[in-house]
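Okay, coords_6.txt is below, compact mmCIF, C-alpha atoms:
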# COMPACT_ATOMS: atom_id res chain seq x y z
CA MET J 58 21.72 3.34 -46.13
CA HIS J 59 21.06 3.45 -42.34
CA ARG J 60 22.90 6.64 -41.50
CA PHE J 61 19.50 8.20 -40.74
CA LEU J 62 19.58 6.29 -37.42
CA LEU J 63 22.10 8.90 -36.24
CA SER J 64 19.62 11.71 -36.78
CA ARG J 65 18.14 13.45 -33.72
CA GLN J 66 14.66 12.05 -34.40
CA TRP J 67 15.81 8.44 -34.61
CA VAL J 68 18.14 8.72 -31.65
CA ILE J 69 15.14 9.84 -29.54
CA ILE J 70 12.95 7.01 -30.91
CA THR J 71 15.66 4.44 -30.12
CA LEU J 72 16.22 5.78 -26.59
CA VAL J 73 12.47 5.70 -25.87
CA ALA J 74 12.32 2.09 -27.07
CA LEU J 75 15.30 1.16 -24.89
CA ILE J 76 13.56 2.69 -21.86
CA LEU J 77 10.15 1.17 -22.59
CA VAL J 78 11.33 -2.44 -22.88
CA PRO J 79 12.81 -2.86 -19.36
CA THR J 80 10.03 -0.73 -17.87
CA MET J 81 7.34 -2.99 -19.34
CA ILE J 82 9.24 -6.10 -18.28
CA TRP J 83 9.38 -4.73 -14.71
CA LEU J 84 5.66 -3.90 -14.77
CA GLY J 85 4.87 -7.43 -15.91
CA THR J 86 7.03 -8.87 -13.14
CA TRP J 87 5.31 -6.63 -10.59
CA GLN J 88 1.89 -7.78 -11.78
CA MET J 89 3.03 -11.39 -11.53
CA ASP J 90 4.15 -10.77 -7.95
CA ARG J 91 0.71 -9.30 -7.23
CA TYR J 92 -0.83 -12.40 -8.79
CA GLY J 93 1.19 -14.59 -6.45
CA GLU J 94 0.25 -12.52 -3.40
CA ARG J 95 -3.44 -12.52 -4.23
CA SER J 96 -3.47 -16.22 -5.03
CA ALA J 97 -1.79 -16.98 -1.70
CA ARG J 98 -4.27 -14.73 0.12
CA ASN J 99 -7.21 -16.40 -1.59
CA GLN J 100 -5.84 -19.79 -0.60
CA LEU J 101 -5.47 -18.68 3.02
CA VAL J 102 -9.08 -17.49 3.06
CA ALA J 103 -10.32 -20.73 1.48
CA ASP J 104 -8.34 -22.84 3.95
CA ALA J 105 -9.60 -20.78 6.91
CA LEU J 106 -13.24 -21.04 5.86
CA ALA J 107 -12.93 -24.78 5.23
CA ALA J 108 -11.29 -25.52 8.60
CA ASP J 109 -13.35 -27.07 11.38
CA PRO J 110 -14.64 -24.64 14.05
CA VAL J 111 -12.55 -24.36 17.20
CA PRO J 112 -13.19 -22.62 20.53
CA VAL J 113 -12.11 -19.00 20.30
CA GLU J 114 -9.88 -19.39 23.35
CA ARG J 115 -7.51 -21.59 21.29
CA LEU J 116 -6.71 -18.78 18.87
CA ALA J 117 -7.30 -15.53 20.75
CA ALA J 118 -6.09 -14.13 24.06
CA PRO J 119 -6.01 -10.69 25.70
CA GLY J 120 -3.28 -8.57 24.16
CA ASP J 121 -2.57 -11.03 21.33
CA ALA J 122 -3.01 -10.03 17.69
CA VAL J 123 -4.90 -12.23 15.26
CA THR J 124 -2.39 -13.58 12.76
CA ARG J 125 -2.82 -13.77 9.01
CA ALA J 126 -3.27 -17.54 9.18
CA GLU J 127 -5.94 -17.19 11.90
CA ARG J 128 -7.98 -14.59 10.07
CA TYR J 129 -11.39 -15.88 8.90
CA ARG J 130 -11.06 -19.04 11.00
CA THR J 131 -14.46 -20.19 12.23
CA VAL J 132 -14.59 -20.11 16.02
CA THR J 133 -17.19 -20.84 18.68
CA ALA J 134 -17.76 -19.18 22.04
CA GLU J 135 -19.99 -19.87 25.03
CA GLY J 136 -21.25 -17.04 27.21
CA ARG J 137 -23.74 -14.18 27.21
CA PHE J 138 -24.13 -10.85 25.45
CA ASP J 139 -23.62 -7.63 27.43
CA THR J 140 -25.90 -5.10 25.74
CA ASP J 141 -25.29 -2.44 28.40
CA ASP J 142 -21.82 -1.81 26.94
CA GLU J 143 -22.85 -2.24 23.30
CA VAL J 144 -21.54 0.28 20.74
CA VAL J 145 -22.06 0.89 17.04
CA VAL J 146 -19.39 1.35 14.37
CA ARG J 147 -20.07 4.31 12.11
CA ARG J 148 -20.04 4.58 8.31
CA ARG J 149 -20.32 0.92 7.41
CA THR J 150 -22.07 -0.40 4.32
CA ASN J 151 -24.07 -3.53 3.64
CA ALA J 152 -24.19 -5.71 0.51
CA ASP J 153 -26.29 -3.05 -1.25
CA ASP J 154 -23.77 -0.29 -0.41
CA LYS J 155 -26.21 1.42 1.96
CA VAL J 156 -24.51 3.34 4.75
CA GLY J 157 -25.28 2.42 8.32
CA PHE J 158 -23.69 0.93 11.43
CA HIS J 159 -22.11 -2.29 12.55
CA VAL J 160 -23.30 -3.49 15.96
CA LEU J 161 -20.43 -4.37 18.29
CA THR J 162 -21.59 -6.21 21.41
CA PRO J 163 -19.30 -7.53 24.18
CA PHE J 164 -19.73 -11.26 24.73
CA VAL J 165 -18.77 -12.33 28.26
CA LEU J 166 -17.21 -15.80 28.29
CA ASP J 167 -17.70 -18.28 31.10
CA ASP J 168 -14.30 -17.38 32.59
CA GLY J 169 -15.12 -13.64 32.67
CA ARG J 170 -13.04 -12.63 29.68
CA VAL J 171 -14.74 -10.62 26.94
CA LEU J 172 -14.99 -11.33 23.23
CA LEU J 173 -15.97 -8.51 20.88
CA VAL J 174 -18.73 -9.67 18.54
CA ASN J 175 -19.74 -7.82 15.39
CA ARG J 176 -23.38 -8.86 15.17
CA GLY J 177 -23.95 -7.30 11.74
CA TRP J 178 -25.25 -4.22 9.94
CA ILE J 179 -28.20 -1.94 10.70
CA PRO J 180 -29.37 1.09 8.70
CA ALA J 181 -28.66 4.64 9.81
CA ASP J 182 -32.34 5.60 9.96
CA GLY J 183 -32.33 7.29 13.36
CA PRO J 184 -33.47 10.87 13.99
CA SER J 185 -29.85 12.11 13.69
CA GLN J 186 -26.29 10.96 13.24
CA THR J 187 -25.52 11.74 16.87
CA ALA J 188 -28.35 9.70 18.38
CA PHE J 189 -27.71 6.08 19.27
CA PRO J 190 -29.67 3.98 16.75
CA GLU J 191 -32.29 1.42 17.64
CA VAL J 192 -30.46 -1.90 17.83
CA PRO J 193 -32.21 -5.29 17.80
CA ALA J 194 -31.51 -7.20 20.99
CA PRO J 195 -29.45 -10.41 20.89
CA PRO J 196 -30.61 -13.64 22.54
CA ARG J 197 -30.65 -13.51 26.32
CA GLY J 198 -28.87 -15.83 28.71
CA GLU J 199 -26.15 -18.36 28.05
CA ILE J 200 -25.75 -19.24 24.38
CA THR J 201 -23.16 -20.59 21.97
CA ILE J 202 -22.24 -18.40 19.03
CA LYS J 203 -20.18 -19.03 15.91
CA GLY J 204 -18.32 -16.59 13.71
CA ARG J 205 -15.20 -15.67 11.76
CA LEU J 206 -12.18 -14.47 13.72
CA MET J 207 -10.93 -11.06 12.53
CA PRO J 208 -7.92 -8.90 13.46
CA ASP J 209 -8.23 -5.48 15.06
CA GLU J 210 -9.03 -2.74 12.56
CA THR J 211 -6.46 -0.05 11.85
CA THR J 212 -6.47 3.12 9.79
CA GLU J 213 -3.55 1.81 7.72
CA ALA J 214 -5.36 -1.38 6.73
CA SER J 215 -8.89 0.01 6.35
CA GLY J 216 -8.34 3.62 5.31
CA ILE J 217 -10.85 4.71 7.96
CA LYS J 218 -9.74 7.56 10.21
CA ASN J 219 -10.27 7.10 13.92
CA LEU J 220 -12.09 10.37 14.59
CA GLU J 221 -12.23 11.96 18.00
CA GLY J 222 -15.23 13.57 19.67
CA LEU J 223 -17.77 11.06 18.39
CA PRO J 224 -21.25 10.76 19.91
CA GLU J 225 -21.59 8.52 22.93
CA ARG J 226 -21.38 4.77 22.21
CA GLN J 227 -20.20 5.31 18.64
CA ILE J 228 -16.77 4.33 17.32
CA MET J 229 -14.97 4.32 13.97
CA LEU J 230 -12.70 1.27 14.28
CA ILE J 231 -12.98 -2.04 16.12
CA ASN J 232 -9.93 -2.25 18.34
CA SER J 233 -9.70 -4.70 21.24
CA GLU J 234 -7.16 -2.66 23.21
CA ARG J 235 -9.33 0.47 23.19
CA GLU J 236 -12.39 -1.57 24.09
CA ALA J 237 -10.49 -3.21 26.95
CA GLN J 238 -9.76 0.25 28.36
CA ARG J 239 -13.37 1.34 27.92
CA LEU J 240 -14.80 -1.81 29.48
CA GLY J 241 -12.15 -2.26 32.14
CA ALA J 242 -12.04 -5.97 31.28
CA ARG J 243 -9.76 -8.60 29.79
CA VAL J 244 -10.71 -8.51 26.10
CA LEU J 245 -9.52 -11.12 23.64
CA GLY J 246 -7.49 -9.78 20.75
CA GLY J 247 -9.38 -9.08 17.52
CA TYR J 248 -13.10 -9.67 17.20
CA VAL J 249 -15.59 -12.14 15.75
CA ALA J 250 -17.95 -11.49 12.83
CA GLN J 251 -20.95 -13.51 13.96
CA THR J 252 -22.46 -16.06 11.58
CA ALA J 253 -24.71 -18.08 13.94
CA PRO J 254 -27.27 -18.25 15.36
CA GLU J 255 -29.34 -16.32 12.85
CA PRO J 256 -30.82 -13.08 14.20
CA ARG J 257 -34.53 -12.87 14.82
CA GLY J 258 -36.25 -11.03 11.98
CA GLY J 259 -33.09 -11.01 9.88
CA THR J 260 -31.57 -7.98 11.60
CA PRO J 261 -28.82 -7.05 12.17
CA GLU J 262 -27.80 -8.20 8.70
CA ARG J 263 -25.00 -10.71 8.89
CA LEU J 264 -21.74 -9.70 7.23
CA GLY J 265 -21.11 -11.38 3.88
CA ASP J 266 -18.47 -14.01 3.26
CA PRO J 267 -15.04 -12.61 2.38
CA GLY J 268 -14.75 -12.33 -1.38
CA LYS J 269 -11.91 -13.68 -3.45
CA GLU J 270 -9.50 -11.19 -4.95
CA ASN J 271 -9.27 -11.24 -8.73
CA ALA J 272 -5.79 -12.74 -9.04
CA ALA J 273 -6.39 -13.80 -12.65
CA LEU J 274 -6.61 -10.13 -13.65
CA ASN J 275 -3.06 -9.52 -12.41
CA TYR J 276 -1.87 -12.55 -14.39
CA ALA J 277 -3.50 -11.16 -17.53
CA TYR J 278 -1.90 -7.75 -16.94
CA ALA J 279 1.53 -9.39 -16.55
CA VAL J 280 1.20 -11.21 -19.87
CA GLN J 281 -0.05 -8.01 -21.49
CA TRP J 282 2.97 -5.99 -20.32
CA TRP J 283 5.37 -8.67 -21.52
CA LEU J 284 3.68 -8.75 -24.94
CA PHE J 285 4.04 -4.97 -25.11
CA ALA J 286 7.74 -5.33 -24.22
CA ALA J 287 8.20 -7.83 -27.07
CA ALA J 288 6.28 -5.61 -29.49
CA VAL J 289 8.51 -2.56 -28.95
CA PRO J 290 11.67 -3.94 -30.65
CA VAL J 291 9.55 -5.52 -33.36
CA GLY J 292 7.89 -2.19 -34.01
CA TRP J 293 11.27 -0.44 -33.99
CA VAL J 294 12.62 -2.83 -36.65
CA VAL J 295 9.49 -2.36 -38.79
CA LEU J 296 9.85 1.43 -38.63
CA VAL J 297 13.56 1.26 -39.50
CA ARG J 298 12.95 -0.99 -42.52
CA ARG J 299 10.13 1.21 -43.76
CA GLU J 300 12.27 4.32 -43.40
CA ALA J 301 15.14 2.61 -45.25
CA ARG J 302 12.84 1.54 -48.10
CA GLU J 303 11.42 5.04 -48.46
CA ARG J 304 14.86 6.58 -48.55
CA ALA J 305 16.08 4.00 -51.09
CA ARG J 306 13.02 4.65 -53.23
CA ALA J 307 13.60 8.39 -53.07
CA ALA J 308 17.26 7.97 -54.00
CA ALA J 309 16.35 5.73 -56.94
CA GLY J 310 13.84 8.31 -58.15
CA GLU J 311 16.45 11.04 -58.14
CA THR J 312 18.84 8.80 -60.12
CA ASP J 313 16.21 8.00 -62.74
CA ALA J 314 15.35 11.65 -63.08
CA GLY J 315 19.00 12.51 -63.63
CA GLU J 316 19.46 9.84 -66.33
CA SER J 317 16.42 11.04 -68.29
CA GLU J 318 17.81 14.56 -68.75
CA PRO J 319 19.48 15.50 -72.10
CA GLU J 320 23.24 15.13 -72.22
CA ALA J 321 23.59 18.89 -72.71
CA VAL J 322 21.66 19.52 -69.47
CA ARG J 323 23.52 16.85 -67.49
CA ASN J 324 26.91 17.83 -69.03
CA PRO J 325 26.90 21.39 -70.38
CA SER J 326 30.53 21.11 -71.55
CA ALA J 327 29.51 18.53 -74.11
CA ALA J 328 27.20 20.99 -75.96
CA PRO J 329 28.49 22.35 -79.38
CA ASP J 330 30.04 25.82 -79.30
CA ARG J 331 27.59 27.58 -81.60
CA ALA J 332 29.34 30.88 -81.19
CA HIS J 333 32.41 29.55 -83.10
CA ALA J 334 30.56 27.60 -85.77
CA PRO J 335 31.64 28.43 -89.37
Rewritten as structure tokens:
Amino acid sequence: MHRFLLSRQWVIITLVALILVPTMIWLGTWQMDRYGERSARNQLVADALAADPVPVERLAAPGDAVTRAERYRTVTAEGRFDTDDEVVVRRRTNADDKVGFHVLTPFVLDDGRVLLVNRGWIPADGPSQTAFPEVPAPPRGEITIKGRLMPDETTEASGIKNLEGLPERQIMLINSEREAQRLGARVLGGYVAQTAPEPRGGTPERLGDPGKENAALNYAYAVQWWLFAAAVPVGWVVLVRREARERARAAAGETDAGESEPEAVRNPSAAPDRAHAP
């Protein structure tokens, strides 16, 4: 009854099913791992944003990298802005996906060390892409600022290429080591995305809060792949049973057709020999 499973067609169908099941199980496991990673990352962000502000000197130092646990921590700093060495970061977007610049201003601490401060976004509405844009001035004199601590930007993490030959005072990536060389100063590792005080006139636009990654979507994908994996053998069994029923029905039809034929047709030897009749 099931000898058809040895046919070329059914051997291929069975092999495909045997490949699909472990592949789908692996994809579901991978999505579940992604769910765990994103959930852990979201928790780190939530914990960092909820933590009490601390002086930036406790978490950052020249030459030190900002760790994963320190990222997004709210820090404070006391000092003054140095607009003479201010630069802009090219090809950055705001909340409305408009392309412009981020304003990166050195902030000189009381001990002479420098903290890089991303003051926010401005539009690229200058006369040309090579001209330095008009940047709103920060508060003058000694002030206290607050912001989120961020690690140095890299091409690997951001996907942004660090182009050479850029116009004067324009950069592609925020990197404390390069800025330390340019400024000839002791620059704290990473940078701060400023959140306070609010800029006069609302510009530069402050950077938005870090969004949560959609971990629930990965969980749903994992369940979906595992359901697909369970459905493959079920579907294979259904196809086999249907094929067996169709073959049995066809065999029964041939048998019935054979029984309905006259005896002389089914067994010619049983017919009378008319040629020798008296």
> For J:Ser233, which residue out of J:Ala250, J:Ala118, J:Val145, J:Ala181 is the nearest one, using all atoms listed in the file?
Replying inline: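 Closest to J:Ser233, using all atoms listed in the file: J:Ala118.
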> Between J:Thr162, J:Gln227, J:Ser185, J:Asn232, which has the minimum distance to J:Glu210 (counting only C-alpha atoms)?
Replying inline: J:Asn232
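Closest approach to J:Arg205 among J:Ala105, J:Ala309, J:Leu63, J:Leu77: J:Ala105, based on all atoms listed in the file.
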> Between J:Gly85, J:Gly204, J:Gly136, J:Pro180, which is the closest to J:Leu264 once you count only C-alpha atoms?
Replying inline: J:Gly204
> What does the distance between atom CA of J:Tyr278 and atom CA of J:Gln88 come to in Å, to one decimal place?
Replying inline: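 Computed distance, atom CA of J:Tyr278 to atom CA of J:Gln88, equals 6.4 Å.
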Could you complete stretch 124-136 of chain J so that it carries N, CA, C and O atoms, and give it back as an mmCIF file, keeping the file's coordinate frame?
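Output saved as rebuild_33.cif:
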data_model
loop_
_atom_site.group_PDB
_atom_site.id
_atom_site.type_symbol
_atom_site.label_atom_id
_atom_site.label_comp_id
_atom_site.auth_asym_id
_atom_site.auth_seq_id
_atom_site.Cartn_x
_atom_site.Cartn_y
_atom_site.Cartn_z
ATOM 1 N N THR J 124 -3.367 -13.448 13.833
ATOM 2 C CA THR J 124 -2.390 -13.580 12.760
ATOM 3 C C THR J 124 -3.089 -13.727 11.407
ATOM 4 O O THR J 124 -4.304 -13.950 11.314
ATOM 5 N N ARG J 125 -2.286 -13.630 10.367
ATOM 6 C CA ARG J 125 -2.820 -13.770 9.010
ATOM 7 C C ARG J 125 -3.415 -15.148 8.791
ATOM 8 O O ARG J 125 -4.451 -15.284 8.150
ATOM 9 N N ALA J 126 -2.772 -16.180 9.350
ATOM 10 C CA ALA J 126 -3.270 -17.540 9.180
ATOM 11 C C ALA J 126 -4.547 -17.782 9.973
ATOM 12 O O ALA J 126 -5.342 -18.656 9.629
ATOM 13 N N GLU J 127 -4.757 -17.014 11.054
ATOM 14 C CA GLU J 127 -5.940 -17.190 11.900
ATOM 15 C C GLU J 127 -7.145 -16.398 11.407
ATOM 16 O O GLU J 127 -8.278 -16.688 11.792
ATOM 17 N N ARG J 128 -6.885 -15.421 10.567
ATOM 18 C CA ARG J 128 -7.980 -14.590 10.070
ATOM 19 C C ARG J 128 -8.990 -15.436 9.285
ATOM 20 O O ARG J 128 -8.605 -16.307 8.505
ATOM 21 N N TYR J 129 -10.255 -15.186 9.517
ATOM 22 C CA TYR J 129 -11.390 -15.880 8.900
ATOM 23 C C TYR J 129 -11.611 -17.289 9.448
ATOM 24 O O TYR J 129 -12.529 -17.973 8.997
ATOM 25 N N ARG J 130 -10.818 -17.729 10.412
ATOM 26 C CA ARG J 130 -11.060 -19.040 11.000
ATOM 27 C C ARG J 130 -12.419 -19.021 11.722
ATOM 28 O O ARG J 130 -12.757 -18.071 12.425
ATOM 29 N N THR J 131 -13.173 -20.083 11.553
ATOM 30 C CA THR J 131 -14.460 -20.190 12.230
ATOM 31 C C THR J 131 -14.229 -20.627 13.673
ATOM 32 O O THR J 131 -13.552 -21.621 13.921
ATOM 33 N N VAL J 132 -14.766 -19.825 14.599
ATOM 34 C CA VAL J 132 -14.590 -20.110 16.020
ATOM 35 C C VAL J 132 -15.956 -20.160 16.699
ATOM 36 O O VAL J 132 -16.950 -19.621 16.189
ATOM 37 N N THR J 133 -15.979 -20.793 17.857
ATOM 38 C CA THR J 133 -17.190 -20.840 18.680
ATOM 39 C C THR J 133 -16.883 -20.231 20.040
ATOM 40 O O THR J 133 -15.724 -20.167 20.465
ATOM 41 N N ALA J 134 -17.927 -19.757 20.704
ATOM 42 C CA ALA J 134 -17.760 -19.180 22.040
ATOM 43 C C ALA J 134 -19.029 -19.419 22.839
ATOM 44 O O ALA J 134 -20.147 -19.353 22.288
ATOM 45 N N GLU J 135 -18.863 -19.672 24.123
ATOM 46 C CA GLU J 135 -19.990 -19.870 25.030
ATOM 47 C C GLU J 135 -19.987 -18.759 26.063
ATOM 48 O O GLU J 135 -18.959 -18.457 26.667
ATOM 49 N N GLY J 136 -21.141 -18.128 26.253
ATOM 50 C CA GLY J 136 -21.250 -17.040 27.210
ATOM 51 C C GLY J 136 -22.546 -16.290 27.030
ATOM 52 O O GLY J 136 -23.553 -16.856 26.576
#
